[in-house]
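Shown next: input_11.cif, containing mmCIF, C-alpha atoms.
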data_work
#
loop_
_atom_site.group_PDB
_atom_site.id
_atom_site.type_symbol
_atom_site.label_atom_id
_atom_site.label_comp_id
_atom_site.auth_asym_id
_atom_site.auth_seq_id
_atom_site.Cartn_x
_atom_site.Cartn_y
_atom_site.Cartn_z
ATOM 1 C CA MET A 1372 3.443 -20.916 11.352
ATOM 2 C CA THR A 1373 4.359 -22.080 7.846
ATOM 3 C CA VAL A 1374 3.251 -19.973 4.907
ATOM 4 C CA ASN A 1375 3.114 -21.276 1.356
ATOM 5 C CA THR A 1376 4.406 -18.489 -0.863
ATOM 6 C CA LYS A 1377 4.391 -17.763 -4.554
ATOM 7 C CA TYR A 1378 8.094 -17.072 -4.936
ATOM 8 C CA PHE A 1379 9.836 -18.666 -1.953
ATOM 9 C CA GLN A 1380 8.010 -21.969 -1.488
ATOM 10 C CA GLN A 1381 7.442 -22.474 2.238
ATOM 11 C CA VAL A 1382 8.428 -19.745 4.682
ATOM 12 C CA GLU A 1383 8.339 -19.940 8.462
ATOM 13 C CA CYS A 1384 6.649 -16.863 9.947
ATOM 14 C CA ASP A 1385 5.931 -15.704 13.439
ATOM 15 C CA ALA A 1386 2.203 -15.325 13.963
ATOM 16 C CA ALA A 1387 2.900 -11.788 15.202
ATOM 17 C CA SER A 1388 4.127 -10.746 11.751
ATOM 18 C CA VAL A 1389 0.758 -11.392 10.135
ATOM 19 C CA VAL A 1390 -1.098 -8.342 8.833
ATOM 20 C CA GLN A 1391 -4.894 -8.486 8.971
ATOM 21 C CA PHE A 1392 -6.905 -6.846 6.172
ATOM 22 C CA PRO A 1393 -10.488 -6.611 7.505
ATOM 23 C CA GLN A 1394 -11.781 -5.762 4.010
ATOM 24 C CA GLY A 1395 -9.275 -7.741 1.963
ATOM 25 C CA LEU A 1396 -7.930 -5.847 -1.026
ATOM 26 C CA PRO A 1397 -10.048 -4.703 -3.992
ATOM 27 C CA GLY A 1398 -10.327 -7.726 -6.263
ATOM 28 C CA PHE A 1399 -9.262 -10.014 -3.426
ATOM 29 C CA GLU A 1400 -11.904 -9.262 -0.823
ATOM 30 C CA ASP A 1401 -11.815 -12.811 0.562
ATOM 31 C CA LEU A 1402 -8.130 -12.722 1.416
ATOM 32 C CA ARG A 1403 -7.744 -11.230 4.874
ATOM 33 C CA THR A 1404 -4.266 -12.176 6.061
ATOM 34 C CA PHE A 1405 -0.922 -11.300 4.517
ATOM 35 C CA VAL A 1406 2.735 -11.203 5.480
ATOM 36 C CA CYS A 1407 5.393 -8.749 4.302
ATOM 37 C CA LEU A 1408 8.499 -10.494 3.003
ATOM 38 C CA GLU A 1409 11.796 -8.832 2.234
ATOM 39 C CA GLN A 1410 14.687 -10.225 0.256
ATOM 40 C CA PRO A 1411 17.915 -8.572 1.382
ATOM 41 C CA GLU A 1412 19.336 -8.168 -2.128
ATOM 42 C CA TYR A 1413 16.164 -6.564 -3.428
ATOM 43 C CA ARG A 1414 15.516 -4.149 -0.594
ATOM 44 C CA PRO A 1415 13.451 -2.010 -0.377
ATOM 45 C CA LEU A 1416 11.146 -4.228 -2.448
ATOM 46 C CA VAL A 1417 8.430 -5.751 -0.250
ATOM 47 C CA TYR A 1418 6.465 -8.859 -1.174
ATOM 48 C CA LEU A 1419 2.936 -8.719 0.157
ATOM 49 C CA GLN A 1420 2.131 -12.406 0.320
ATOM 50 C CA SER A 1421 -1.340 -13.792 0.974
ATOM 51 C CA ILE A 1422 -1.363 -16.463 3.642
ATOM 52 C CA GLU A 1423 -4.640 -17.925 2.450
ATOM 53 C CA GLU A 1424 -3.802 -18.085 -1.251
ATOM 54 C CA ALA A 1425 -0.165 -18.862 -2.073
ATOM 55 C CA GLN A 1426 -0.510 -17.670 -5.671
ATOM 56 C CA VAL A 1427 -1.451 -14.142 -4.605
ATOM 57 C CA CYS A 1428 1.646 -12.093 -3.912
ATOM 58 C CA PHE A 1429 1.977 -8.392 -4.668
ATOM 59 C CA LEU A 1430 5.281 -6.751 -5.408
ATOM 60 C CA THR A 1431 5.340 -3.401 -3.625
ATOM 61 C CA LEU A 1432 7.611 -0.504 -2.806
ATOM 62 C CA PRO A 1433 7.231 1.888 0.113
ATOM 63 C CA VAL A 1434 5.613 5.046 -1.275
ATOM 64 C CA GLY A 1435 8.415 7.135 0.222
ATOM 65 C CA VAL A 1436 10.928 5.322 -1.959
ATOM 66 C CA ILE A 1437 9.065 6.401 -5.077
ATOM 67 C CA ASN A 1438 8.208 9.907 -3.909
ATOM 68 C CA LYS A 1439 9.943 11.210 -0.805
ATOM 69 C CA ASP A 1440 7.359 13.969 -0.419
ATOM 70 C CA TYR A 1441 4.398 11.610 -0.663
ATOM 71 C CA GLN A 1442 1.324 13.090 0.979
ATOM 72 C CA LEU A 1443 -1.251 10.780 2.449
ATOM 73 C CA GLN A 1444 -4.968 11.559 2.492
ATOM 74 C CA VAL A 1445 -6.698 9.302 4.949
ATOM 75 C CA GLY A 1446 -10.340 9.851 5.764
ATOM 76 C CA PRO A 1447 -11.998 9.232 9.127
ATOM 77 C CA GLU A 1448 -13.465 5.948 7.904
ATOM 78 C CA ASP A 1449 -10.012 4.726 6.919
ATOM 79 C CA THR A 1450 -8.470 5.678 10.258
ATOM 80 C CA ARG A 1451 -11.293 3.772 11.927
ATOM 81 C CA VAL A 1452 -10.606 0.598 9.954
ATOM 82 C CA LEU A 1453 -6.886 1.008 10.606
ATOM 83 C CA GLN A 1454 -7.626 1.436 14.325
ATOM 84 C CA LEU A 1455 -5.580 4.598 14.564
ATOM 85 C CA ALA A 1456 -7.939 5.915 17.244
ATOM 86 C CA GLY A 1457 -7.443 9.657 17.565
ATOM 87 C CA ASP A 1458 -3.961 9.573 16.116
ATOM 88 C CA ARG A 1459 -3.180 11.450 12.972
ATOM 89 C CA ALA A 1460 -2.274 9.078 10.177
ATOM 90 C CA ALA A 1461 1.410 9.632 9.498
ATOM 91 C CA LEU A 1462 3.680 7.608 7.258
ATOM 92 C CA GLY A 1463 6.765 6.540 9.146
ATOM 93 C CA VAL A 1464 5.163 7.214 12.520
ATOM 94 C CA ASN A 1465 2.224 4.868 12.841
ATOM 95 C CA LEU A 1466 1.759 3.731 9.237
ATOM 96 C CA VAL A 1467 3.670 2.031 6.477
ATOM 97 C CA GLY A 1468 2.487 2.826 2.949
ATOM 98 C CA LEU A 1469 3.173 0.374 0.147
ATOM 99 C CA ALA A 1470 2.535 1.042 -3.540
ATOM 100 C CA ILE A 1471 1.565 -2.063 -5.519
ATOM 101 C CA LEU A 1472 3.653 -2.539 -8.656
ATOM 102 C CA SER A 1473 2.235 -3.563 -12.012
ATOM 103 C CA VAL A 1474 4.287 -5.093 -14.722
ATOM 104 C CA SER A 1475 3.754 -5.763 -18.372
ATOM 105 C CA ARG A 1476 6.253 -7.041 -20.893
ATOM 106 C CA ASP A 1477 5.451 -4.142 -23.187
ATOM 107 C CA ARG A 1478 5.470 -1.293 -20.711
ATOM 108 C CA ASP A 1479 7.531 0.049 -17.882
ATOM 109 C CA THR A 1480 6.798 -1.086 -14.381
ATOM 110 C CA THR A 1481 4.260 1.213 -12.774
ATOM 111 C CA ALA A 1482 3.374 1.816 -9.164
ATOM 112 C CA ASN A 1483 -0.115 2.544 -7.875
ATOM 113 C CA LEU A 1484 0.446 5.707 -5.857
ATOM 114 C CA LEU A 1485 -3.254 6.579 -5.895
ATOM 115 C CA SER A 1486 -4.222 3.592 -3.751
ATOM 116 C CA PRO A 1487 -1.446 2.654 -1.365
ATOM 117 C CA VAL A 1488 -1.694 -0.288 0.988
ATOM 118 C CA LEU A 1489 -1.482 1.168 4.502
ATOM 119 C CA ILE A 1490 -0.409 -0.930 7.466
ATOM 120 C CA ASN A 1491 -0.781 0.175 11.057
ATOM 121 C CA VAL A 1492 2.596 -0.778 12.472
ATOM 122 C CA SER A 1493 1.367 -1.388 15.998
ATOM 123 C CA SER A 1494 -1.940 -3.187 15.445
ATOM 124 C CA ARG A 1495 -0.886 -4.760 12.097
ATOM 125 C CA ILE A 1496 -4.154 -3.881 10.465
ATOM 126 C CA GLY A 1497 -3.938 -3.255 6.736
ATOM 127 C CA LEU A 1498 -6.129 -1.382 4.286
ATOM 128 C CA GLN A 1499 -5.777 -0.362 0.660
ATOM 129 C CA VAL A 1500 -7.101 3.184 0.611
ATOM 130 C CA ILE A 1501 -8.530 4.951 -2.412
ATOM 131 C CA GLN A 1502 -7.511 8.581 -2.283
ATOM 132 C CA ALA A 1503 -10.217 10.088 -4.440
ATOM 133 C CA ARG A 1504 -8.908 13.644 -4.292
ATOM 134 C CA SER A 1505 -5.284 12.716 -4.573
ATOM 135 C CA GLN A 1506 -3.208 14.025 -7.464
ATOM 136 C CA TYR A 1507 -1.219 10.801 -7.597
ATOM 137 C CA ASP A 1508 -1.243 8.427 -10.513
ATOM 138 C CA TRP A 1509 -2.465 4.862 -10.275
ATOM 139 C CA GLN A 1510 0.077 4.049 -12.993
ATOM 140 C CA HIS A 1511 3.136 5.984 -11.901
ATOM 141 C CA PRO A 1512 6.014 4.855 -14.144
ATOM 142 C CA LEU A 1513 9.060 3.810 -12.170
ATOM 143 C CA SER A 1514 11.360 4.559 -15.087
ATOM 144 C CA SER A 1515 10.640 8.263 -14.696
ATOM 145 C CA ILE A 1516 12.446 8.104 -11.383
ATOM 146 C CA ASN A 1517 15.608 6.974 -13.086
ATOM 147 C CA SER A 1518 15.416 9.412 -15.951
ATOM 148 C CA ASP A 1519 16.177 12.455 -13.817
ATOM 149 C CA GLY A 1520 19.715 11.218 -13.342
ATOM 150 C CA GLY A 1521 19.858 10.643 -9.651
ATOM 151 C CA PRO A 1522 18.295 8.338 -7.133
ATOM 152 C CA THR A 1523 15.248 9.723 -5.449
ATOM 153 C CA CYS A 1524 13.682 8.190 -2.455
ATOM 154 C CA MET B 1355 -33.341 0.361 -10.403
ATOM 155 C CA LEU B 1356 -35.082 2.248 -7.666
ATOM 156 C CA VAL B 1357 -34.800 5.987 -8.236
ATOM 157 C CA ILE B 1358 -35.424 8.452 -5.420
ATOM 158 C CA ARG B 1359 -35.372 12.238 -5.586
ATOM 159 C CA CYS B 1360 -33.666 13.754 -2.595
ATOM 160 C CA ARG B 1361 -33.080 17.209 -1.228
ATOM 161 C CA GLU B 1362 -30.020 18.350 0.589
ATOM 162 C CA GLY B 1363 -30.076 17.081 4.152
ATOM 163 C CA GLU B 1364 -32.233 14.038 3.461
ATOM 164 C CA THR B 1365 -31.221 10.480 4.266
ATOM 165 C CA VAL B 1366 -31.934 7.188 2.500
ATOM 166 C CA ALA B 1367 -31.811 3.968 4.502
ATOM 167 C CA ILE B 1368 -30.624 0.723 2.896
ATOM 168 C CA GLY B 1369 -31.467 -2.266 5.048
ATOM 169 C CA GLY B 1370 -31.195 -1.845 8.784
ATOM 170 C CA ASP B 1371 -27.683 -0.563 9.155
ATOM 171 C CA ILE B 1372 -26.744 1.421 6.055
ATOM 172 C CA GLN B 1373 -27.653 5.087 5.651
ATOM 173 C CA LEU B 1374 -26.942 7.375 2.758
ATOM 174 C CA HIS B 1375 -26.964 11.093 3.576
ATOM 175 C CA VAL B 1376 -27.242 13.784 0.927
ATOM 176 C CA LEU B 1377 -24.932 16.317 2.550
ATOM 177 C CA ALA B 1378 -24.707 19.014 -0.081
ATOM 178 C CA VAL B 1379 -25.797 19.706 -3.641
ATOM 179 C CA GLU B 1380 -23.778 22.243 -5.575
ATOM 180 C CA ALA B 1381 -23.394 23.028 -9.253
ATOM 181 C CA GLY B 1382 -23.233 19.590 -10.860
ATOM 182 C CA ARG B 1383 -21.831 17.866 -7.769
ATOM 183 C CA VAL B 1384 -23.362 15.975 -4.880
ATOM 184 C CA ARG B 1385 -21.692 15.287 -1.537
ATOM 185 C CA LEU B 1386 -22.815 11.980 -0.104
ATOM 186 C CA GLY B 1387 -22.164 10.584 3.334
ATOM 187 C CA PHE B 1388 -22.366 6.868 4.081
ATOM 188 C CA ASP B 1389 -22.971 5.226 7.421
ATOM 189 C CA ALA B 1390 -22.289 1.529 7.086
ATOM 190 C CA PRO B 1391 -20.822 -1.278 9.187
ATOM 191 C CA LEU B 1392 -17.086 -1.846 8.811
ATOM 192 C CA SER B 1393 -17.851 -5.102 7.067
ATOM 193 C CA VAL B 1394 -19.418 -3.223 4.141
ATOM 194 C CA PRO B 1395 -16.730 -1.536 2.058
ATOM 195 C CA VAL B 1396 -18.076 1.623 0.400
ATOM 196 C CA PHE B 1397 -16.416 2.047 -2.968
ATOM 197 C CA ARG B 1398 -16.383 4.830 -5.422
ATOM 198 C CA LYS B 1399 -16.343 3.893 -9.078
ATOM 199 C CA CYS B 1400 -12.553 4.238 -9.173
ATOM 200 C CA ALA B 1401 -12.434 1.196 -6.937
ATOM 201 C CA ASP B 1402 -12.980 -0.794 -10.141
ATOM 202 C CA LEU B 1403 -9.732 0.625 -11.444
ATOM 203 C CA VAL B 1404 -7.908 -0.442 -8.305
ATOM 204 C CA ARG B 1405 -9.465 -3.879 -8.506
ATOM 205 C CA GLU B 1406 -8.310 -4.360 -12.091
ATOM 206 C CA GLN B 1407 -4.908 -2.992 -11.216
ATOM 207 C CA ASN B 1408 -4.540 -5.410 -8.312
ATOM 208 C CA GLN B 1409 -5.613 -8.367 -10.373
ATOM 209 C CA GLY B 1410 -3.189 -7.456 -13.130
ATOM 210 C CA ALA B 1411 -0.418 -7.009 -10.604
ATOM 211 C CA THR B 1412 -0.610 -10.605 -9.454
ATOM 212 C CA ALA B 1413 -0.523 -12.112 -12.923
ATOM 213 C CA ASP B 1414 1.690 -15.153 -13.245
ATOM 214 C CA GLY B 1415 5.027 -15.441 -14.937
ATOM 215 C CA ILE B 1416 6.248 -11.893 -14.559
ATOM 216 C CA ALA B 1417 8.266 -11.992 -11.393
ATOM 217 C CA ASP B 1418 11.672 -12.667 -12.900
ATOM 218 C CA GLU B 1419 11.181 -9.976 -15.456
ATOM 219 C CA VAL B 1420 10.047 -7.507 -12.825
ATOM 220 C CA LEU B 1421 13.036 -8.229 -10.683
ATOM 221 C CA GLY B 1422 15.353 -7.821 -13.627
ATOM 222 C CA ARG B 1423 13.917 -4.456 -14.531
ATOM 223 C CA LEU B 1424 13.820 -3.293 -10.953
ATOM 224 C CA ALA B 1425 17.327 -4.404 -10.135
ATOM 225 C CA GLY B 1426 18.970 -1.257 -11.450
ATOM 226 C CA TYR B 1427 16.494 0.998 -9.761
ATOM 227 C CA LEU B 1428 16.799 -0.797 -6.464
ATOM 228 C CA SER B 1429 20.588 -0.777 -6.528
ATOM 229 C CA GLN B 1430 20.413 2.997 -6.868
ATOM 230 C CA GLN B 1431 18.102 3.067 -3.918
ATOM 231 C CA SER B 1432 20.441 1.118 -1.700
ATOM 232 C CA LYS B 1433 23.221 3.613 -2.392
ATOM 233 C CA SER B 1434 21.022 6.356 -1.083
ATOM 234 C CA ASP B 1435 19.760 4.348 1.850
ATOM 235 C CA ASP B 1436 21.047 6.891 4.337
ATOM 236 C CA HIS B 1437 18.762 9.554 2.962
ATOM 237 C CA CYS B 1438 15.851 7.246 2.563
ATOM 238 C CA LYS B 1439 13.459 6.907 5.429
ATOM 239 C CA ALA B 1440 11.239 4.313 3.852
ATOM 240 C CA PRO B 1441 13.371 1.181 4.309
ATOM 241 C CA VAL B 1442 13.805 2.078 7.964
ATOM 242 C CA ILE B 1443 10.046 2.337 8.335
ATOM 243 C CA GLN B 1444 9.604 -0.884 6.468
ATOM 244 C CA THR B 1445 11.790 -2.787 8.858
ATOM 245 C CA LYS B 1446 9.189 -2.342 11.547
ATOM 246 C CA VAL B 1447 6.710 -4.370 9.584
ATOM 247 C CA ALA B 1448 9.008 -6.693 7.742
ATOM 248 C CA ASN B 1449 11.636 -7.429 10.343
ATOM 249 C CA ARG B 1450 10.190 -10.716 11.334
ATOM 250 C CA ALA B 1451 9.295 -11.473 7.766
ATOM 251 C CA LYS B 1452 12.892 -10.827 6.863
ATOM 252 C CA ASP B 1453 13.946 -13.269 9.519
ATOM 253 C CA CYS B 1454 11.530 -15.726 7.984
ATOM 254 C CA GLN B 1455 13.100 -15.092 4.637
ATOM 255 C CA SER B 1456 16.622 -15.693 5.829
ATOM 256 C CA ALA B 1457 15.408 -18.782 7.589
ATOM 257 C CA ALA B 1458 13.915 -19.983 4.341
ATOM 258 C CA GLU B 1459 17.198 -19.476 2.537
ATOM 259 C CA LYS B 1460 19.118 -21.712 4.920
#

Let's see the structure in the file written out as structure tokens.
Amino acid sequence: MTVNTKYFQQVECDAASVVQFPQGLPGFEDLRTFVCLEQPEYRPLVYLQSIEEAQVCFLTLPVGVINKDYQLQVGPEDTRVLQLAGDRAALGVNLVGLAILSVSRDRDTTANLLSPVLINVSSRIGLQVIQARSQYDWQHPLSSINSDGGPTC
Amino acid sequence: MLVIRCREGETVAIGGDIQLHVLAVEAGRVRLGFDAPLSVPVFRKCADLVREQNQGATADGIADEVLGRLAGYLSQQSKSDDHCKAPVIQTKVANRAKDCQSAAEK
């Protein structure tokens, strides 16, 4: 299938690489199908591109890249939507977690660690979860990662 | 606005398939349980924050600037790839997409 993208014009994708979002994403509830695109030189940056709306493409980073000790809090309702069955939700095992990046000319790039986009790697169902009791910031500055002197992932 | 007084343990029905349970009432806090079809997302107020954040994140005309600012950070990341589980995880989802990408570059 051919996908019209925001940054790469037309991209050929295997239908099996499509991620379904049964609820869309907050603010984009009508958009249900996305693909993850990677550019080798910008790894581990992941482009979450809407298939239905070419102009909607999120820049994301895996949460583990931003905070290697990232703790996920997934409720029973979320595991149901993600079709994890009885499995425990575990990043790197059955889930990928992507933090959506926000950019402004006047501020540092921030990552939304409070509400990661979770993707079930086997069923390719996606969901942006809202971790109400999480201590993570929805505007986590990426520059603070660099300021401690060494790369953290 | 319809206002209903509830005690702990009571349930309010909304339409045929949505139920709101008052699970517990403690000093200044209420625990609510929702039974709703999967097609009805149940949001807390902070969902508005996420919505705004998402909409801001897809604003036009920022990509080049983002990439420029991120370049340094990402180059640091690639040096530490061996210690970094995340890109390995990511490959599972993005492998094919990456193939797509390289195909697009040809």

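Every protein or nucleic acid residue with an atom no more than 10 Å from Cys1360 (chain B), counting all atoms listed in the file and leaving out same-chain residues fewer than 4 positions away, appears here: Glu1364, Thr1365, Val1366, His1375, Val1376 and Val1379 of chain B.
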
Pull C-alpha atoms from the residues just selected and write them as a PDB file, keeping the file's coordinate frame.
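Saved as part.pdb:
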ATOM      1  CA  GLU B1364     -32.233  14.038   3.461  1.00  0.00           C
ATOM      2  CA  THR B1365     -31.221  10.480   4.266  1.00  0.00           C
ATOM      3  CA  VAL B1366     -31.934   7.188   2.500  1.00  0.00           C
ATOM      4  CA  HIS B1375     -26.964  11.093   3.576  1.00  0.00           C
ATOM      5  CA  VAL B1376     -27.242  13.784   0.927  1.00  0.00           C
ATOM      6  CA  VAL B1379     -25.797  19.706  -3.641  1.00  0.00           C
TER       7      VAL B1379
END

Taking the file as shown, what set of residues would the PyMOL selection byres ((chain A and resi 1462-1474) around 6) give back, as a PyMOL selection string?
(chain A and resi 1430-1434+1461+1475+1480-1484+1487-1492) or (chain B and resi 1411+1443)

Restricting it to C-alpha atoms, dump the selection as a CSV table (one decimal), in the frame of the given file.
chain,number,residue,atom,x,y,z
A,1430,LEU,CA,5.3,-6.8,-5.4
A,1431,THR,CA,5.3,-3.4,-3.6
A,1432,LEU,CA,7.6,-0.5,-2.8
A,1433,PRO,CA,7.2,1.9,0.1
A,1434,VAL,CA,5.6,5.0,-1.3
A,1461,ALA,CA,1.4,9.6,9.5
A,1475,SER,CA,3.8,-5.8,-18.4
A,1480,THR,CA,6.8,-1.1,-14.4
A,1481,THR,CA,4.3,1.2,-12.8
A,1482,ALA,CA,3.4,1.8,-9.2
A,1483,ASN,CA,-0.1,2.5,-7.9
A,1484,LEU,CA,0.4,5.7,-5.9
A,1487,PRO,CA,-1.4,2.7,-1.4
A,1488,VAL,CA,-1.7,-0.3,1.0
A,1489,LEU,CA,-1.5,1.2,4.5
A,1490,ILE,CA,-0.4,-0.9,7.5
A,1491,ASN,CA,-0.8,0.2,11.1
A,1492,VAL,CA,2.6,-0.8,12.5
B,1411,ALA,CA,-0.4,-7.0,-10.6
B,1443,ILE,CA,10.0,2.3,8.3

Please, what distance in Å, to one decimal, runs between CA of Ser1421 (chain A) and CA of Pro1512 (chain A)?
25.1 Å

Give the padded box for region 1407-1414 of chain A as lines of an AutoDock Vina configuration file: axis-aligned, covering all atoms listed in the file, 8 Å on each side, centre and edge lengths in Å to one decimal.
center_x = 12.4
center_y = -7.3
center_z = 0.4
size_x = 29.9
size_y = 22.3
size_z = 23.7

Closest to chain A among B:Ile1368, B:Ala1378, B:Ala1401, B:Met1355, using all atoms listed in the file?
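Ranked by minimum distance to chain A, first place goes to B:Ala1401.
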
For Val1394 (chain B), which of A:Asn1375, A:Gln1394, A:Ser1388, A:Gln1380 is the closest residue, counting only C-alpha atoms?
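The shortest atom-to-atom distance to Val1394 (chain B) comes from A:Gln1394.
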
Show which residues sit within 10 Å of Gly1457 (chain A), as a short mmCIF file (atom, residue, chain, number, x, y, z; two decimals) with C-alpha atoms, in the coordinates of the input. Count all atoms listed in the file, and ignore same-chain residues fewer than 4 positions away.
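Output file part_28.cif is given in full below:
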data_model
loop_
_atom_site.label_atom_id
_atom_site.label_comp_id
_atom_site.auth_asym_id
_atom_site.auth_seq_id
_atom_site.Cartn_x
_atom_site.Cartn_y
_atom_site.Cartn_z
CA PRO A 1447 -12.00 9.23 9.13
CA THR A 1450 -8.47 5.68 10.26
CA ARG A 1451 -11.29 3.77 11.93
#

Residue nearest chain A - candidates B:Phe1388, B:Leu1356, B:Ile1372, B:Gln1409, atoms counted: only C-alpha atoms
B:Gln1409

I'd like the neighbourhood of Gln1420 (chain A) as number ranges by chain, where a residue qualifies if any of its atoms comes within 10 Å (using only C-alpha atoms), though same-chain residues fewer than 4 positions away should be ignored.
A: 1374-1378, 1389-1390, 1404-1408, 1424-1430

Neighbourhood query: residues within 12 Å of (-10.1, -3.4, -11.7), file coordinates, counting only C-alpha atoms; return as a PyMOL selection string.
(chain A and resi 1396-1399+1509) or (chain B and resi 1399-1411)

Requested write-out: C-alpha atoms of the selected residues, as a short mmCIF file (atom, residue, chain, number, x, y, z; two decimals), in the coordinates of the input:
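Saved as part20.cif:
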data_model
loop_
_atom_site.label_atom_id
_atom_site.label_comp_id
_atom_site.auth_asym_id
_atom_site.auth_seq_id
_atom_site.Cartn_x
_atom_site.Cartn_y
_atom_site.Cartn_z
CA LEU A 1396 -7.93 -5.85 -1.03
CA PRO A 1397 -10.05 -4.70 -3.99
CA GLY A 1398 -10.33 -7.73 -6.26
CA PHE A 1399 -9.26 -10.01 -3.43
CA TRP A 1509 -2.46 4.86 -10.28
CA LYS B 1399 -16.34 3.89 -9.08
CA CYS B 1400 -12.55 4.24 -9.17
CA ALA B 1401 -12.43 1.20 -6.94
CA ASP B 1402 -12.98 -0.79 -10.14
CA LEU B 1403 -9.73 0.62 -11.44
CA VAL B 1404 -7.91 -0.44 -8.30
CA ARG B 1405 -9.46 -3.88 -8.51
CA GLU B 1406 -8.31 -4.36 -12.09
CA GLN B 1407 -4.91 -2.99 -11.22
CA ASN B 1408 -4.54 -5.41 -8.31
CA GLN B 1409 -5.61 -8.37 -10.37
CA GLY B 1410 -3.19 -7.46 -13.13
CA ALA B 1411 -0.42 -7.01 -10.60
#

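CA of Gly1382 (chain B) to CA of Ile1358 (chain B) spans 17.4 Å [interatomic distance, one decimal].
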
Interatomic distance, CA of Ile1437 (chain A) to CA of Gln1391 (chain A) (Å, one decimal)
24.8 Å

The PyMOL selection byres ((chain A and resi 1444) around 8) applied to the shown file, residues as a VMD selection string:
chain A and resid 1442 to 1443 1445 to 1446 1502 1505
